[in-house]
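K.L.:
Quick one: the structure is below, questions incoming.
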Amino acid sequence: MKIVVLVLLLLVVAAVLSLVVMACSAPAPRVQLVEGKLRPCPDTPNCVSSESKSTTAAIAPLAVSGDPVAAWERAGQAVVAIGGRIQSRSEDHLWATFTSRLFRFVDDLELRLDEEDRVIHVRSASRVGRSDLGVNRKRVEQLRQQFQTTSPAGDTP
């Protein structure tokens with residue numbers, strides 16, 4: 001009986017270590033706009049995007065009613081405030097990464113400023129796994145809250 005428990009314990013430890021190694025070695029995605037829009041979400045439930053047509057991946061963009069350039073600056077500040085590391089930034093696209101504490105999983109967050117529609121589109125996705133237990137959706141809502149908190153009068157989240 002002790003041997004069976006020991007073997008099971010070793011299998012669990014091996015599985016956890018495999019996940020950690022896989023998460024740490026997952027390659028960075030090719031982050032770029034596709035035809036002027038954020039990349040589509042995959043068919044897995046670990047991605048949300050304001051430009052998604054899928055009901056499971058859809059999430060509202062950040063609305064901007066004030067100066068779009070100032071809102072874009074505040075959006076970058078909000079990303080950093082909620083724990084993101086900005087990897088690249090241009091006048092209309094931002095890519096940041098978030099790393100989970102326990103297993104060091106890396107998730108990617110992208111923002112796209114759409115001055116014409118006066119919104120900031122958002123995409124948040126896990127690099128590995130299938131389910132994220134709602135982490136990416138919660139992250140976008142946390143970003144929305146932070147953006148709202150730092151927005152001057154006249155801007156809406």
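Lettering and numbering for the structure tokens are positional, with chains as A, B, ... in the shown order, residues counted from 1 in each chain, and ligands counted from 1 in the shown order.
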Please list as a list of chain:residue names every residue within 12 Å of Val34 of chain A, counting only C-alpha atoms and excluding residues in the same chain fewer than 6 positions away.
P.N.:
A:Pro40, A:Glu51, A:His93, A:Arg112
K.L.:
I need the residues in segment 24-156 of chain A that are helix (DSSP H, G or I) according to DSSP; give them as an mmCIF file with N, CA and C atoms, in the first residue's frame.
P.N.:
```cif
data_model
loop_
_atom_site.group_PDB
_atom_site.id
_atom_site.type_symbol
_atom_site.label_atom_id
_atom_site.label_comp_id
_atom_site.auth_asym_id
_atom_site.auth_seq_id
_atom_site.Cartn_x
_atom_site.Cartn_y
_atom_site.Cartn_z
ATOM 1 N N CYS A 24 7.331 27.509 -18.546
ATOM 2 C CA CYS A 24 8.507 28.369 -18.603
ATOM 3 C C CYS A 24 9.155 28.367 -19.980
ATOM 4 N N SER A 25 8.958 27.302 -20.735
ATOM 5 C CA SER A 25 9.610 27.205 -22.031
ATOM 6 C C SER A 25 8.674 27.489 -23.197
ATOM 7 N N PRO A 68 -8.061 60.512 -27.040
ATOM 8 C CA PRO A 68 -7.602 59.137 -27.244
ATOM 9 C C PRO A 68 -6.118 58.936 -26.932
ATOM 10 N N VAL A 69 -5.285 59.914 -27.244
ATOM 11 C CA VAL A 69 -3.852 59.780 -26.978
ATOM 12 C C VAL A 69 -3.590 59.736 -25.474
ATOM 13 N N ALA A 70 -4.272 60.576 -24.719
ATOM 14 C CA ALA A 70 -4.132 60.562 -23.258
ATOM 15 C C ALA A 70 -4.681 59.258 -22.681
ATOM 16 N N ALA A 71 -5.789 58.782 -23.234
ATOM 17 C CA ALA A 71 -6.359 57.511 -22.773
ATOM 18 C C ALA A 71 -5.398 56.363 -23.054
ATOM 19 N N TRP A 72 -4.715 56.399 -24.199
ATOM 20 C CA TRP A 72 -3.747 55.358 -24.555
ATOM 21 C C TRP A 72 -2.603 55.330 -23.540
ATOM 22 N N GLU A 73 -2.150 56.494 -23.142
ATOM 23 C CA GLU A 73 -1.089 56.583 -22.131
ATOM 24 C C GLU A 73 -1.571 55.997 -20.800
ATOM 25 N N ARG A 74 -2.782 56.357 -20.405
ATOM 26 C CA ARG A 74 -3.334 55.833 -19.149
ATOM 27 C C ARG A 74 -3.537 54.323 -19.219
ATOM 28 N N ALA A 75 -3.901 53.808 -20.387
ATOM 29 C CA ALA A 75 -4.083 52.358 -20.532
ATOM 30 C C ALA A 75 -2.767 51.634 -20.266
ATOM 31 N N GLY A 76 -1.670 52.172 -20.795
ATOM 32 C CA GLY A 76 -0.359 51.576 -20.528
ATOM 33 C C GLY A 76 -0.009 51.621 -19.050
ATOM 34 N N GLN A 77 -0.322 52.732 -18.404
ATOM 35 C CA GLN A 77 -0.078 52.851 -16.964
ATOM 36 C C GLN A 77 -0.925 51.850 -16.187
ATOM 37 N N ALA A 78 -2.156 51.640 -16.629
ATOM 38 C CA ALA A 78 -3.045 50.687 -15.959
ATOM 39 C C ALA A 78 -2.522 49.263 -16.093
ATOM 40 N N VAL A 79 -1.970 48.924 -17.256
ATOM 41 C CA VAL A 79 -1.397 47.586 -17.466
ATOM 42 C C VAL A 79 -0.283 47.338 -16.455
ATOM 43 N N VAL A 80 0.608 48.296 -16.313
ATOM 44 C CA VAL A 80 1.719 48.157 -15.363
ATOM 45 C C VAL A 80 1.187 48.094 -13.933
ATOM 46 N N ALA A 81 0.185 48.891 -13.623
ATOM 47 C CA ALA A 81 -0.374 48.933 -12.264
ATOM 48 C C ALA A 81 -0.982 47.600 -11.840
ATOM 49 N N VAL A 135 -9.139 33.397 -15.696
ATOM 50 C CA VAL A 135 -8.094 34.353 -15.325
ATOM 51 C C VAL A 135 -7.993 35.503 -16.329
ATOM 52 N N ASN A 136 -8.041 35.203 -17.617
ATOM 53 C CA ASN A 136 -7.892 36.267 -18.614
ATOM 54 C C ASN A 136 -9.070 37.235 -18.601
ATOM 55 N N ARG A 137 -10.272 36.725 -18.439
ATOM 56 C CA ARG A 137 -11.448 37.604 -18.353
ATOM 57 C C ARG A 137 -11.338 38.491 -17.099
ATOM 58 N N LYS A 138 -10.929 37.898 -15.979
ATOM 59 C CA LYS A 138 -10.762 38.680 -14.741
ATOM 60 C C LYS A 138 -9.679 39.744 -14.915
ATOM 61 N N ARG A 139 -8.616 39.400 -15.625
ATOM 62 C CA ARG A 139 -7.533 40.362 -15.844
ATOM 63 C C ARG A 139 -8.044 41.574 -16.631
ATOM 64 N N VAL A 140 -8.824 41.318 -17.678
ATOM 65 C CA VAL A 140 -9.354 42.433 -18.466
ATOM 66 C C VAL A 140 -10.286 43.294 -17.619
ATOM 67 N N GLU A 141 -11.097 42.668 -16.787
ATOM 68 C CA GLU A 141 -11.990 43.450 -15.921
ATOM 69 C C GLU A 141 -11.190 44.232 -14.882
ATOM 70 N N GLN A 142 -10.095 43.649 -14.397
ATOM 71 C CA GLN A 142 -9.215 44.370 -13.472
ATOM 72 C C GLN A 142 -8.566 45.561 -14.195
ATOM 73 N N LEU A 143 -8.157 45.341 -15.437
ATOM 74 C CA LEU A 143 -7.597 46.429 -16.240
ATOM 75 C C LEU A 143 -8.641 47.528 -16.451
ATOM 76 N N ARG A 144 -9.870 47.122 -16.758
ATOM 77 C CA ARG A 144 -10.947 48.091 -16.969
ATOM 78 C C ARG A 144 -11.147 48.941 -15.703
ATOM 79 N N GLN A 145 -11.150 48.286 -14.541
ATOM 80 C CA GLN A 145 -11.323 48.992 -13.267
ATOM 81 C C GLN A 145 -10.173 49.966 -13.024
ATOM 82 N N GLN A 146 -8.952 49.513 -13.278
ATOM 83 C CA GLN A 146 -7.782 50.378 -13.092
ATOM 84 C C GLN A 146 -7.814 51.549 -14.076
ATOM 85 N N PHE A 147 -8.179 51.276 -15.312
ATOM 86 C CA PHE A 147 -8.288 52.321 -16.334
ATOM 87 C C PHE A 147 -9.334 53.349 -15.927
ATOM 88 N N GLN A 148 -10.453 52.874 -15.410
ATOM 89 C CA GLN A 148 -11.527 53.765 -14.957
ATOM 90 C C GLN A 148 -11.041 54.628 -13.795
ATOM 91 N N THR A 149 -10.302 54.031 -12.889
ATOM 92 C CA THR A 149 -9.795 54.746 -11.719
ATOM 93 C C THR A 149 -8.834 55.858 -12.128
ATOM 94 N N THR A 150 -8.032 55.609 -13.171
ATOM 95 C CA THR A 150 -7.039 56.602 -13.591
ATOM 96 C C THR A 150 -7.562 57.543 -14.664
#
```
K.L.:
Quote the spacing between atom CA of Leu113 of chain A and atom CA of Leu38 of chain A in Å to one decimal place.
P.N.:
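That distance, rounded to one decimal, is 10.4 Å.
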K.L.:
Chain A: which residues are strand (DSSP E) by DSSP, as a PyMOL selection string?
P.N.:
chain A and resi 47-49+62-63+85-89+93-99+106-114+119-126
K.L.:
Would you export the selected residues with N, CA and C atoms as a short mmCIF file (atom, residue, chain, number, x, y, z; two decimals), in the first residue's frame, please?
P.N.:
```
data_model
loop_
_atom_site.label_atom_id
_atom_site.label_comp_id
_atom_site.auth_asym_id
_atom_site.auth_seq_id
_atom_site.Cartn_x
_atom_site.Cartn_y
_atom_site.Cartn_z
N CYS A 47 -8.91 32.47 -23.68
CA CYS A 47 -8.63 33.72 -24.38
C CYS A 47 -9.91 34.56 -24.43
N VAL A 48 -9.75 35.86 -24.26
CA VAL A 48 -10.86 36.79 -24.45
C VAL A 48 -10.38 37.92 -25.36
N SER A 49 -11.30 38.46 -26.14
CA SER A 49 -10.95 39.55 -27.04
C SER A 49 -12.18 40.40 -27.35
N LEU A 62 -12.34 48.86 -23.92
CA LEU A 62 -12.31 50.01 -23.03
C LEU A 62 -12.81 51.21 -23.82
N ALA A 63 -13.84 51.87 -23.32
CA ALA A 63 -14.41 53.02 -24.02
C ALA A 63 -13.66 54.29 -23.65
N ARG A 85 4.05 43.44 -17.65
CA ARG A 85 5.36 43.91 -18.12
C ARG A 85 5.21 44.23 -19.59
N ILE A 86 5.36 45.48 -19.94
CA ILE A 86 5.19 45.88 -21.34
C ILE A 86 6.39 45.38 -22.14
N GLN A 87 6.09 44.62 -23.19
CA GLN A 87 7.12 44.05 -24.06
C GLN A 87 7.36 44.93 -25.29
N SER A 88 6.29 45.48 -25.83
CA SER A 88 6.42 46.41 -26.96
C SER A 88 5.22 47.35 -26.95
N ARG A 89 5.48 48.53 -27.52
CA ARG A 89 4.43 49.55 -27.53
C ARG A 89 4.64 50.47 -28.73
N HIS A 93 -0.64 50.01 -30.70
CA HIS A 93 -0.61 48.61 -30.26
C HIS A 93 0.32 48.46 -29.07
N LEU A 94 -0.13 47.70 -28.08
CA LEU A 94 0.68 47.43 -26.89
C LEU A 94 0.61 45.94 -26.61
N TRP A 95 1.76 45.36 -26.27
CA TRP A 95 1.84 43.95 -25.89
C TRP A 95 2.51 43.88 -24.52
N ALA A 96 1.85 43.20 -23.59
CA ALA A 96 2.39 43.02 -22.24
C ALA A 96 2.25 41.56 -21.84
N THR A 97 3.09 41.14 -20.90
CA THR A 97 3.00 39.77 -20.39
C THR A 97 2.71 39.81 -18.89
N PHE A 98 2.04 38.76 -18.45
CA PHE A 98 1.74 38.55 -17.04
C PHE A 98 2.22 37.15 -16.69
N THR A 99 2.89 37.00 -15.55
CA THR A 99 3.41 35.71 -15.12
C THR A 99 2.75 35.30 -13.82
N VAL A 106 2.92 32.11 -18.38
CA VAL A 106 2.95 33.43 -19.00
C VAL A 106 1.70 33.61 -19.86
N ASP A 107 1.01 34.72 -19.64
CA ASP A 107 -0.15 35.10 -20.44
C ASP A 107 0.20 36.38 -21.19
N ASP A 108 -0.42 36.56 -22.34
CA ASP A 108 -0.17 37.74 -23.17
C ASP A 108 -1.41 38.63 -23.20
N LEU A 109 -1.18 39.92 -23.04
CA LEU A 109 -2.25 40.92 -23.13
C LEU A 109 -1.88 41.86 -24.26
N GLU A 110 -2.85 42.12 -25.13
CA GLU A 110 -2.64 43.08 -26.21
C GLU A 110 -3.73 44.13 -26.16
N LEU A 111 -3.35 45.36 -26.48
CA LEU A 111 -4.30 46.46 -26.60
C LEU A 111 -4.12 47.09 -27.98
N ARG A 112 -5.23 47.56 -28.55
CA ARG A 112 -5.18 48.27 -29.83
C ARG A 112 -6.05 49.52 -29.74
N LEU A 113 -5.44 50.66 -29.95
CA LEU A 113 -6.17 51.93 -29.93
C LEU A 113 -6.91 52.11 -31.25
N ASP A 114 -8.21 52.29 -31.15
CA ASP A 114 -9.05 52.57 -32.32
C ASP A 114 -9.62 53.97 -32.13
N VAL A 119 -12.34 53.61 -28.89
CA VAL A 119 -12.23 52.50 -27.95
C VAL A 119 -10.79 51.98 -27.96
N ILE A 120 -10.46 51.26 -26.91
CA ILE A 120 -9.21 50.51 -26.86
C ILE A 120 -9.61 49.04 -26.83
N HIS A 121 -9.30 48.34 -27.92
CA HIS A 121 -9.61 46.92 -27.98
C HIS A 121 -8.61 46.15 -27.15
N VAL A 122 -9.04 45.02 -26.62
CA VAL A 122 -8.21 44.24 -25.70
C VAL A 122 -8.28 42.76 -26.05
N ARG A 123 -7.16 42.07 -25.88
CA ARG A 123 -7.08 40.61 -26.05
C ARG A 123 -6.17 40.09 -24.96
N SER A 124 -6.61 39.08 -24.23
CA SER A 124 -5.80 38.46 -23.19
C SER A 124 -5.89 36.95 -23.36
N ALA A 125 -4.73 36.28 -23.42
CA ALA A 125 -4.71 34.85 -23.72
C ALA A 125 -3.58 34.14 -22.98
N SER A 126 -3.85 32.90 -22.60
CA SER A 126 -2.83 32.04 -22.01
C SER A 126 -2.00 31.43 -23.13
#
```
K.L.:
Please compute the atom CA of Gly134 of chain A-atom CA of Leu33 of chain A distance, one decimal, in Å.
P.N.:
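Between these atoms lies a distance of 24.1 Å.
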